[in-house]
file my_file_23.cif (mmCIF, C-alpha atoms)
data_target
#
loop_
_atom_site.label_atom_id
_atom_site.label_comp_id
_atom_site.auth_asym_id
_atom_site.auth_seq_id
_atom_site.Cartn_x
_atom_site.Cartn_y
_atom_site.Cartn_z
CA MET A 51 0.00 0.00 0.00
CA TYR A 52 1.28 3.44 -0.85
CA LYS A 53 0.16 6.98 -1.55
CA GLU A 54 1.50 9.21 -4.29
CA ILE A 55 1.38 12.91 -3.50
CA PRO A 56 1.84 15.25 -6.48
CA VAL A 57 3.96 18.21 -5.42
CA ALA A 58 3.51 21.17 -7.75
CA ILE A 59 6.44 23.56 -7.60
CA ARG A 60 6.06 26.49 -9.92
CA THR A 61 9.66 26.91 -11.03
CA ILE A 62 10.32 23.28 -11.96
CA LYS A 63 8.46 20.25 -13.19
CA SER A 64 6.24 18.61 -10.60
CA LEU A 65 7.71 15.71 -8.67
CA PRO A 66 5.99 12.85 -6.89
CA ILE A 67 6.26 12.06 -3.21
CA ILE A 68 5.44 8.39 -2.76
CA ILE A 69 4.72 7.22 0.78
CA GLY A 70 4.00 3.63 1.73
CA THR A 71 4.93 0.61 3.82
CA GLY A 72 7.22 -2.08 2.38
CA ILE A 73 7.37 -0.45 -1.06
CA ILE A 74 11.12 -0.22 -1.65
CA GLY A 75 11.27 -3.71 -3.17
CA ASN A 76 8.95 -2.50 -5.94
CA ILE A 77 10.92 0.64 -6.69
CA GLY A 78 11.06 -0.23 -10.38
CA ASP A 79 7.28 0.18 -10.52
CA LEU A 80 7.32 3.48 -8.64
CA PHE A 81 9.79 5.42 -10.79
CA ASP A 82 10.81 5.36 -14.46
CA PHE A 83 14.47 4.35 -14.63
CA SER A 84 14.45 3.70 -18.39
CA ARG A 85 16.18 6.93 -19.40
CA TYR A 86 19.27 6.40 -17.21
CA SER A 87 22.57 4.75 -18.16
CA SER A 88 23.67 3.90 -14.61
CA LEU A 89 22.25 3.99 -11.09
CA ILE A 90 24.48 5.06 -8.21
CA LEU A 91 23.30 4.25 -4.71
CA ALA A 92 24.74 7.03 -2.51
CA THR A 93 24.53 6.23 1.19
CA ASP A 94 26.46 6.25 4.44
CA SER A 95 28.14 3.37 6.24
CA THR A 96 25.35 2.86 8.78
CA THR A 97 22.49 2.95 6.29
CA ARG A 98 24.32 0.63 3.89
CA LYS A 99 24.57 -2.04 6.58
CA LEU A 100 20.87 -1.73 7.40
CA TYR A 101 19.27 -1.37 3.98
CA GLY A 102 21.98 -1.26 1.31
CA GLY A 103 21.66 -4.87 0.18
CA GLN A 104 17.87 -4.71 0.02
CA VAL A 105 17.85 -1.49 -2.03
CA MET A 106 20.66 -2.69 -4.30
CA GLU A 107 18.69 -5.81 -5.17
CA ALA A 108 15.61 -3.71 -5.87
CA LEU A 109 17.56 -1.37 -8.15
CA LYS A 110 19.10 -4.30 -10.04
CA THR A 111 15.64 -5.42 -11.12
CA THR A 112 15.61 -2.36 -13.42
CA GLY A 113 18.30 -4.02 -15.57
CA LYS A 114 20.62 -1.04 -15.17
CA ARG A 115 24.23 -0.99 -14.02
CA VAL A 116 24.15 -0.34 -10.27
CA LEU A 117 27.07 1.05 -8.27
CA THR A 118 27.36 2.04 -4.63
CA TYR A 119 29.11 5.10 -3.21
CA THR A 120 29.41 4.89 0.58
CA PHE A 121 30.78 7.52 2.95
CA PRO A 122 31.16 7.65 6.75
CA ALA A 123 28.02 8.24 8.79
CA GLY A 124 27.70 11.50 10.65
CA GLU A 125 27.69 15.27 10.25
CA ARG A 126 31.42 15.35 9.52
CA SER A 127 30.73 13.93 6.07
CA LYS A 128 29.03 17.20 5.13
CA SER A 129 32.39 18.52 3.94
CA LEU A 130 34.19 19.60 0.79
CA ARG A 131 36.58 16.70 1.26
CA GLN A 132 33.75 14.19 1.09
CA ILE A 133 32.27 15.89 -1.97
CA GLU A 134 35.67 15.70 -3.70
CA ARG A 135 35.79 11.97 -2.97
CA GLY A 136 32.34 11.64 -4.45
CA TYR A 137 33.37 13.45 -7.63
CA GLN A 138 36.37 11.15 -8.00
CA PHE A 139 34.21 8.06 -7.52
CA LEU A 140 31.80 9.21 -10.22
CA ILE A 141 34.63 10.08 -12.61
CA ASP A 142 36.41 6.76 -12.01
CA SER A 143 33.11 4.94 -12.56
CA GLY A 144 32.56 6.67 -15.89
CA ILE A 145 29.26 8.27 -14.85
CA ASP A 146 27.92 10.62 -17.52
CA ARG A 147 25.01 13.05 -17.42
CA ASN A 148 22.60 10.17 -17.89
CA GLY A 149 23.53 8.70 -14.53
CA LEU A 150 21.01 8.76 -11.67
CA LEU A 151 22.00 9.17 -8.02
CA CYS A 152 19.71 7.23 -5.67
CA VAL A 153 20.25 8.92 -2.31
CA LEU A 154 19.48 6.53 0.56
CA GLY A 155 19.59 7.72 4.16
CA GLY A 156 18.76 10.49 6.58
CA GLY A 157 19.33 14.23 6.45
CA VAL A 158 23.12 14.16 6.18
CA VAL A 159 23.01 11.65 3.31
CA GLY A 160 20.35 13.70 1.56
CA ASP A 161 22.45 16.85 1.84
CA VAL A 162 25.68 15.23 0.66
CA GLY A 163 24.11 13.11 -2.09
CA GLY A 164 21.92 15.95 -3.29
CA TYR A 165 24.81 18.41 -3.44
CA LEU A 166 26.91 15.84 -5.28
CA ALA A 167 24.12 15.46 -7.86
CA ALA A 168 23.64 19.23 -8.12
CA THR A 169 27.27 19.95 -8.94
CA TYR A 170 28.66 16.92 -10.78
CA LEU A 171 28.76 17.68 -14.52
CA ARG A 172 26.73 20.82 -13.64
CA GLY A 173 23.90 18.65 -12.42
CA ILE A 174 22.66 15.09 -12.83
CA ASP A 175 19.30 13.65 -11.77
CA TYR A 176 18.74 12.15 -8.35
CA ILE A 177 15.95 10.67 -6.26
CA GLN A 178 15.60 10.79 -2.50
CA LEU A 179 15.04 7.55 -0.55
CA PRO A 180 14.76 8.89 3.02
CA THR A 181 15.18 6.33 5.81
CA THR A 182 14.58 8.45 8.93
CA LEU A 183 11.47 10.19 10.19
CA LEU A 184 13.23 13.55 10.07
CA ALA A 185 14.15 13.04 6.42
CA GLN A 186 10.71 11.75 5.45
CA VAL A 187 8.82 14.66 7.01
CA ASP A 188 11.28 17.42 6.25
CA SER A 189 14.84 17.32 4.94
CA SER A 190 14.22 15.24 1.79
CA ILE A 191 11.52 17.69 0.65
CA GLY A 192 12.28 21.08 -0.86
CA GLY A 193 15.56 20.64 -2.70
CA LYS A 194 17.90 22.22 -0.16
CA VAL A 195 21.25 20.42 -0.46
CA GLY A 196 24.65 21.36 0.87
CA ILE A 197 27.54 20.94 3.25
CA ASN A 198 29.06 22.63 6.28
CA PHE A 199 32.07 24.89 5.86
CA SER A 200 34.49 26.51 8.29
CA GLY A 201 32.49 25.15 11.22
CA LYS A 202 29.28 26.78 9.97
CA LYS A 203 26.09 24.83 9.29
CA ASN A 204 25.02 24.52 5.63
CA MET A 205 27.17 27.43 4.46
CA VAL A 206 27.76 25.94 0.98
CA GLY A 207 24.94 24.46 -1.05
CA SER A 208 22.23 24.80 -3.65
CA PHE A 209 18.52 24.47 -4.32
CA TYR A 210 18.28 21.36 -6.47
CA GLN A 211 15.09 19.34 -6.66
CA PRO A 212 15.07 15.52 -6.85
CA LYS A 213 13.09 13.76 -9.55
CA ALA A 214 11.10 11.88 -6.91
CA ILE A 215 10.93 11.19 -3.18
CA ILE A 216 10.09 7.64 -2.14
CA SER A 217 9.44 7.23 1.59
CA ASP A 218 9.13 3.66 2.81
CA ILE A 219 7.79 3.71 6.36
CA ALA A 220 9.16 0.18 6.87
CA PHE A 221 12.60 1.79 7.17
CA LEU A 222 11.44 3.43 10.41
CA GLU A 223 10.81 0.08 12.12
CA SER A 224 14.51 -0.38 12.85
CA LEU A 225 15.15 3.27 13.65
CA PRO A 226 16.59 3.84 17.15
CA ALA A 227 14.27 5.58 19.59
CA ARG A 228 16.54 8.61 19.70
CA GLU A 229 16.28 9.03 15.92
CA MET A 230 12.49 8.78 16.07
CA ARG A 231 12.50 11.55 18.68
CA ASN A 232 14.81 13.49 16.40
CA GLY A 233 12.18 13.36 13.65
CA MET A 234 9.32 14.16 16.00
CA ALA A 235 10.96 17.52 16.68
CA GLU A 236 10.37 18.48 13.04
CA VAL A 237 6.79 17.20 13.18
CA ILE A 238 6.17 19.36 16.24
CA LYS A 239 7.80 22.28 14.41
CA TYR A 240 5.27 22.01 11.60
CA GLY A 241 2.44 21.92 14.13
CA LEU A 242 3.67 24.93 16.07
CA ALA A 243 4.53 27.11 13.09
CA MET A 244 1.87 26.11 10.57
CA ASP A 245 -0.80 23.66 11.71
CA LYS A 246 -2.47 23.74 15.13
CA GLU A 247 -4.51 20.65 14.26
CA LEU A 248 -1.31 18.66 13.70
CA PHE A 249 0.14 19.94 16.98
CA ASP A 250 -3.05 19.04 18.85
CA ARG A 251 -2.96 15.55 17.33
CA VAL A 252 0.59 15.02 18.57
CA ASN A 253 -0.15 16.64 21.93
CA SER A 254 -3.17 14.39 22.52
CA GLN A 255 -1.27 11.21 21.67
CA GLU A 256 -1.15 9.15 24.85
CA LYS A 257 1.70 6.99 23.60
CA THR A 258 4.85 8.41 22.04
CA LYS A 259 4.95 5.57 19.51
CA PHE A 260 2.75 5.80 16.42
CA ALA A 261 1.20 2.99 14.39
CA PRO A 262 2.30 2.78 10.70
CA SER A 263 -1.03 4.22 9.51
CA GLU A 264 -0.66 7.16 11.91
CA LEU A 265 2.90 7.73 10.76
CA MET A 266 1.79 7.68 7.12
CA ASN A 267 -0.80 10.37 7.85
CA ILE A 268 1.70 12.51 9.75
CA ILE A 269 4.34 12.21 7.02
CA GLU A 270 1.74 13.00 4.36
CA ARG A 271 0.55 16.08 6.27
CA CYS A 272 4.08 17.40 6.77
CA ALA A 273 4.83 16.83 3.08
CA PHE A 274 1.79 18.89 2.09
CA LEU A 275 2.72 21.69 4.49
CA LYS A 276 6.26 21.90 3.21
CA ALA A 277 5.19 21.65 -0.44
CA LYS A 278 2.84 24.59 0.06
CA VAL A 279 5.74 26.73 1.27
CA ILE A 280 8.12 25.55 -1.44
CA GLU A 281 5.60 26.47 -4.13
CA ALA A 282 5.55 30.05 -2.83
CA ASP A 283 9.28 30.49 -2.14
CA GLU A 284 11.42 27.72 -3.62
CA THR A 285 14.79 29.46 -3.25
CA ASP A 286 14.15 31.20 0.07
CA ARG A 287 14.17 34.75 -1.35
CA SER A 288 10.87 36.27 -0.28
CA GLY A 289 11.15 35.21 3.35
CA ILE A 290 8.07 32.98 3.18
CA ARG A 291 10.16 29.81 3.30
CA SER A 292 11.76 30.93 6.55
CA ILE A 293 8.60 29.75 8.37
CA LEU A 294 10.23 26.32 8.05
CA ASN A 295 13.11 27.62 10.16
CA PHE A 296 11.09 27.94 13.33
CA GLY A 297 13.46 26.85 16.11
CA HIS A 298 16.44 26.73 13.75
CA THR A 299 18.05 30.07 14.68
CA VAL A 300 19.13 28.82 18.09
CA GLY A 301 19.02 25.19 16.98
CA HIS A 302 21.79 25.65 14.43
CA ALA A 303 23.78 27.60 17.03
CA VAL A 304 23.45 24.67 19.45
CA GLU A 305 24.72 22.31 16.74
CA ALA A 306 27.65 24.56 15.88
CA THR A 307 28.57 25.08 19.55
CA SER A 308 28.62 21.33 20.11
CA ALA A 309 30.71 20.96 16.91
CA PHE A 310 27.86 18.95 15.32
CA ARG A 311 28.53 16.03 17.65
CA GLY A 312 26.82 16.50 21.00
CA GLN A 313 23.27 17.05 19.77
CA ARG A 314 21.12 15.49 17.08
CA HIS A 315 19.51 18.01 14.73
CA GLY A 316 16.03 17.49 16.15
CA GLU A 317 17.29 17.80 19.70
CA ALA A 318 18.97 21.10 18.88
CA ILE A 319 15.82 22.34 17.13
CA SER A 320 13.78 21.41 20.19
CA ILE A 321 15.91 23.75 22.29
CA GLY A 322 15.57 26.37 19.58
CA MET A 323 11.78 26.04 19.58
CA ILE A 324 11.47 26.58 23.31
CA VAL A 325 13.74 29.63 23.03
CA ALA A 326 11.58 31.04 20.22
CA ALA A 327 8.42 30.30 22.22
CA LYS A 328 9.77 32.09 25.29
CA ILE A 329 10.83 35.06 23.19
CA SER A 330 7.34 35.13 21.64
CA GLU A 331 5.84 35.23 25.13
CA ARG A 332 8.11 38.11 26.15
CA GLN A 333 7.14 39.95 22.96
CA GLY A 334 3.48 39.71 23.96
CA MET A 335 2.69 37.33 21.10
CA LEU A 336 2.20 34.03 22.94
CA SER A 337 0.57 33.17 26.25
CA GLN A 338 2.55 31.74 29.14
CA GLU A 339 0.18 28.76 29.17
CA SER A 340 1.07 28.00 25.53
CA VAL A 341 4.77 28.07 26.38
CA LYS A 342 4.13 25.55 29.17
CA THR A 343 2.17 23.33 26.75
CA ILE A 344 5.02 23.42 24.22
CA ASP A 345 7.57 22.59 26.91
CA LYS A 346 5.45 19.65 28.10
CA VAL A 347 4.93 18.09 24.68
CA LEU A 348 8.63 18.37 23.81
CA THR A 349 9.59 16.83 27.13
CA ARG A 350 7.02 14.03 26.75
CA PHE A 351 8.60 13.02 23.45
CA GLY A 352 12.02 12.91 25.10
CA LEU A 353 13.29 16.11 23.53
CA PRO A 354 15.47 18.61 25.44
CA THR A 355 14.31 22.10 26.36
CA ARG A 356 17.50 23.12 28.16
CA CYS A 357 21.21 23.16 27.32
CA PRO A 358 23.06 23.73 30.62
CA GLU A 359 26.38 22.64 29.10
CA MET A 360 26.42 25.74 26.88
CA SER A 361 26.66 29.44 27.62
CA PRO A 362 24.55 32.30 26.23
CA ARG A 363 27.73 33.94 24.94
CA GLU A 364 28.67 30.86 22.88
CA LEU A 365 25.23 30.64 21.36
CA LEU A 366 25.08 34.36 20.57
CA GLU A 367 28.43 34.14 18.80
CA ALA A 368 27.31 31.13 16.75
CA MET A 369 24.10 32.94 15.78
CA GLN A 370 26.10 35.66 14.06
CA PHE A 371 26.71 33.22 11.21
CA ASP A 372 23.02 32.42 10.76
CA LYS A 373 21.88 32.64 7.12
CA LYS A 374 18.85 34.66 8.25
CA LEU A 375 21.14 37.55 9.20
CA THR A 376 20.20 40.55 7.02
CA GLN A 377 22.28 43.73 7.12
CA GLY A 378 23.54 42.74 10.55
CA GLN A 379 20.03 42.15 11.90
CA LEU A 380 18.90 38.64 12.80
CA LYS A 381 15.36 37.82 11.68
CA TRP A 382 13.41 35.49 13.93
CA VAL A 383 10.49 33.13 13.34
CA LEU A 384 8.17 33.58 16.32
CA LEU A 385 4.67 32.43 17.28
CA GLN A 386 1.54 34.57 17.32
CA GLY A 387 -0.15 31.49 18.78
CA ILE A 388 0.18 27.73 18.39
CA GLY A 389 -0.03 26.99 14.67
CA ARG A 390 0.58 30.62 13.70
CA GLY A 391 4.22 31.31 12.92
CA VAL A 392 5.35 34.83 12.05
CA VAL A 393 8.50 35.42 9.97
CA ASN A 394 11.03 38.27 9.82
CA CYS A 395 10.63 39.32 13.46
CA THR A 396 13.27 41.50 15.10
CA VAL A 397 14.14 40.95 18.76
CA GLU A 398 16.25 43.09 21.07
CA LYS A 399 19.53 41.46 22.05
CA ASP A 400 18.74 41.86 25.75
CA VAL A 401 15.59 39.76 25.34
CA VAL A 402 17.50 37.04 23.49
CA THR A 403 20.25 37.02 26.12
CA GLU A 404 17.71 36.79 28.94
CA VAL A 405 15.97 33.77 27.40
CA LEU A 406 19.26 32.05 26.52
CA SER A 407 20.42 32.52 30.11
CA GLU A 408 17.24 30.79 31.27
CA VAL A 409 17.63 27.73 29.02
CA CYS A 410 21.38 27.46 29.69
CA GLN A 411 20.89 27.17 33.46
#
call {"tool": "encode", "arguments": {"input": "my_file_23.cif", "output": "structure tokens"}}
result
Amino acid sequence: MYKEIPVAIRTIKSLPIIIGTGIIGNIGDLFDFSRYSSLILATDSTTRKLYGGQVMEALKTTGKRVLTYTFPAGERSKSLRQIERGYQFLIDSGIDRNGLLCVLGGGVVGDVGGYLAATYLRGIDYIQLPTTLLAQVDSSIGGKVGINFSGKKNMVGSFYQPKAIISDIAFLESLPAREMRNGMAEVIKYGLAMDKELFDRVNSQEKTKFAPSELMNIIERCAFLKAKVIEADETDRSGIRSILNFGHTVGHAVEATSAFRGQRHGEAISIGMIVAAKISERQGMLSQESVKTIDKVLTRFGLPTRCPEMSPRELLEAMQFDKKLTQGQLKWVLLQGIGRGVVNCTVEKDVVTEVLSEVCQ
């Protein structure tokens, strides 16, 4: 069983998002591989051990030459050095512009594989095969690809859309609990910034584990929400797309301060969301009761709302490299209420410092 969601993006051809359970084995029926000379499975070391053999066998049923490019798991692979290795692999393998990159993994793999596809031979086709909840609800959708540079998150990259996104929920069955929590942070982000009904659904969930049918509905809803934003602001120029960055201003600073090792992306974003919620309350935009509700739901899903190992000064310094910095002024995504995100907000430094001091205690 699967669902195909047509995503209409104005500036490019539409692409399908296909969501289902146990569908990866039938990948040849879900996407047209006929035009491609070679298929390159791009993945990391952890994902290859878990799903590489299964996906390789599925790709081989297309009758195409199938190769595998594997790189080390972890944020450190989002580097120029790893991209150079990828270029060399593709050159040595004789991959031409008719090659197709099949990017299998979570957010890091999607960023590295997507950027490799965007820049090799000035761009070759790729498809996303996300294997984590975070990737299925967020990072695989929208075409943002890139790497870290000089210790700064996603400083080098491009907007480059895949030809398709195929999300097999069966991949999530073997996902560690921490990685499921990591993805739930992005689900909660969508609810807080864009969809109160989604937030209420998550908040009312007695158990923190969802059935496959519930996960399919959540992933589908998040895909629709993100697609709606991408249609309006594909390359993040008008500021509309920044609604997706709710919690990311401080979240990226937490990641950078921990050198991309101490915190998972979703965990860092969770801290960023509570900071943004507290700032919203101090700005008179959000009730204190709503802040307490947000804190409770994050905590119930095992996500952090404090970072006592960090200092406000460290986080403020890291925030100076945020991509949302415009003419020296940091633009915030705040909440006018649960489900009602507001973009391009300015906040006095004293207010930011006060809230950071509170969460760093």
call {"tool": "residues_around", "arguments": {"input": "my_file_23.cif", "residues": "Gly72 (chain A)", "least_positions_apart": "5", "cutoff": "12 Å", "atoms": "only C-alpha atoms", "output": "list in words"}}
result
Met51, Tyr52, Ile77, Gln104, Val105, Ala108, Ile216, Ser217, Asp218, Ile219, Ala220, Phe221, Leu222, Glu223 and Pro262 of chain A
call {"tool": "resolve_selection", "arguments": {"input": "my_file_23.cif", "expression": "the PyMOL selection byres ((chain A and resi 334-340) around 12)", "output": "PyMOL selection string"}}
result
chain A and resi 242+246+249-250+253+324+326-333+341-347+383-392+395+397
call {"tool": "residues_around", "arguments": {"input": "my_file_23.cif", "residues": "Ile268 (chain A)", "least_positions_apart": "6", "cutoff": "12 Å", "atoms": "only C-alpha atoms", "output": "number ranges by chain"}}
result
A: 69, 183-184, 186-188, 219, 233-234, 236-238, 240-241, 245, 247-249, 251-252, 260-262, 274-275
call {"tool": "residues_around", "arguments": {"input": "my_file_23.cif", "residues": "Ser361 (chain A)", "least_positions_apart": "2", "cutoff": "12 Å", "atoms": "only C-alpha atoms", "output": "list in words"}}
result
Ala303, Val304, Thr307, Ser308, Arg356, Cys357, Pro358, Glu359, Arg363, Glu364, Leu365, Leu366, Glu367, Ala368, Thr403, Glu404, Val405, Leu406, Ser407, Glu408, Val409, Cys410 and Gln411 of chain A
call {"tool": "resolve_selection", "arguments": {"input": "my_file_23.cif", "expression": "the PyMOL selection byres ((chain A and resi 146) around 12)", "output": "ChimeraX atom specification"}}
result
/A:86-90,137,140-145,147-151,167,170-175
call {"tool": "resolve_selection", "arguments": {"input": "my_file_23.cif", "expression": "the PyMOL selection byres ((chain A and resi 297) around 8)", "output": "number ranges by chain"}}
result
A: 239, 295-296, 298-301, 319-326, 383
call {"tool": "atom_distance", "arguments": {"input": "my_file_23.cif", "atom1": "CA of Gly207 (chain A)", "atom2": "CA of Val195 (chain A)"}}
result
5.5 Å
call {"tool": "closest_residue", "arguments": {"input": "my_file_23.cif", "among": "A:Ile133, A:Arg350, A:Tyr165, A:Thr182", "to": "Ser254 (chain A)", "atoms": "all atoms listed in the file"}}
result
A:Arg350
call {"tool": "atom_distance", "arguments": {"input": "my_file_23.cif", "atom1": "CA of Phe121 (chain A)", "atom2": "CA of Thr93 (chain A)"}}
result
6.6 Å
call {"tool": "closest_residue", "arguments": {"input": "my_file_23.cif", "among": "A:Ser129, A:Ser189, A:Ser224, A:Ser84", "to": "Thr112 (chain A)", "atoms": "only C-alpha atoms"}}
result
A:Ser84
call {"tool": "axis_aligned_box", "arguments": {"input": "my_file_23.cif", "around": "region 84-91 of chain A", "padding_each_side": "5 Å", "output": "lines of an AutoDock Vina configuration file"}}
result
center_x = 19.5
center_y = 5.3
center_z = -12.1
size_x = 20.0
size_y = 13.2
size_z = 24.7
call {"tool": "residues_around", "arguments": {"input": "my_file_23.cif", "residues": "Ser95 (chain A)", "least_positions_apart": "5", "cutoff": "10 Å", "atoms": "all atoms listed in the file", "output": "NGL selection string"}}
result
:A and (100 or 102 or 119-124 or 155)
call {"tool": "atom_distance", "arguments": {"input": "my_file_23.cif", "atom1": "CA of Leu225 (chain A)", "atom2": "CA of Thr181 (chain A)"}}
result
8.4 Å
call {"tool": "decode", "arguments": {"input": "my_file_23.cif", "residues": "region 143-164 of chain A", "atoms": "C-alpha atoms", "output": "tab-separated table (two decimals), in the first residue's frame"}}
result
chain	number	residue	atom	x	y	z
A	143	SER	CA	33.11	4.94	-12.56
A	144	GLY	CA	32.56	6.67	-15.89
A	145	ILE	CA	29.26	8.27	-14.85
A	146	ASP	CA	27.92	10.62	-17.52
A	147	ARG	CA	25.01	13.05	-17.42
A	148	ASN	CA	22.60	10.17	-17.89
A	149	GLY	CA	23.53	8.70	-14.53
A	150	LEU	CA	21.01	8.76	-11.67
A	151	LEU	CA	22.00	9.17	-8.02
A	152	CYS	CA	19.71	7.23	-5.67
A	153	VAL	CA	20.25	8.92	-2.31
A	154	LEU	CA	19.48	6.53	0.56
A	155	GLY	CA	19.59	7.72	4.16
A	156	GLY	CA	18.76	10.49	6.58
A	157	GLY	CA	19.33	14.23	6.45
A	158	VAL	CA	23.12	14.16	6.18
A	159	VAL	CA	23.01	11.65	3.31
A	160	GLY	CA	20.35	13.70	1.56
A	161	ASP	CA	22.45	16.85	1.84
A	162	VAL	CA	25.68	15.23	0.66
A	163	GLY	CA	24.11	13.11	-2.09
A	164	GLY	CA	21.92	15.95	-3.29
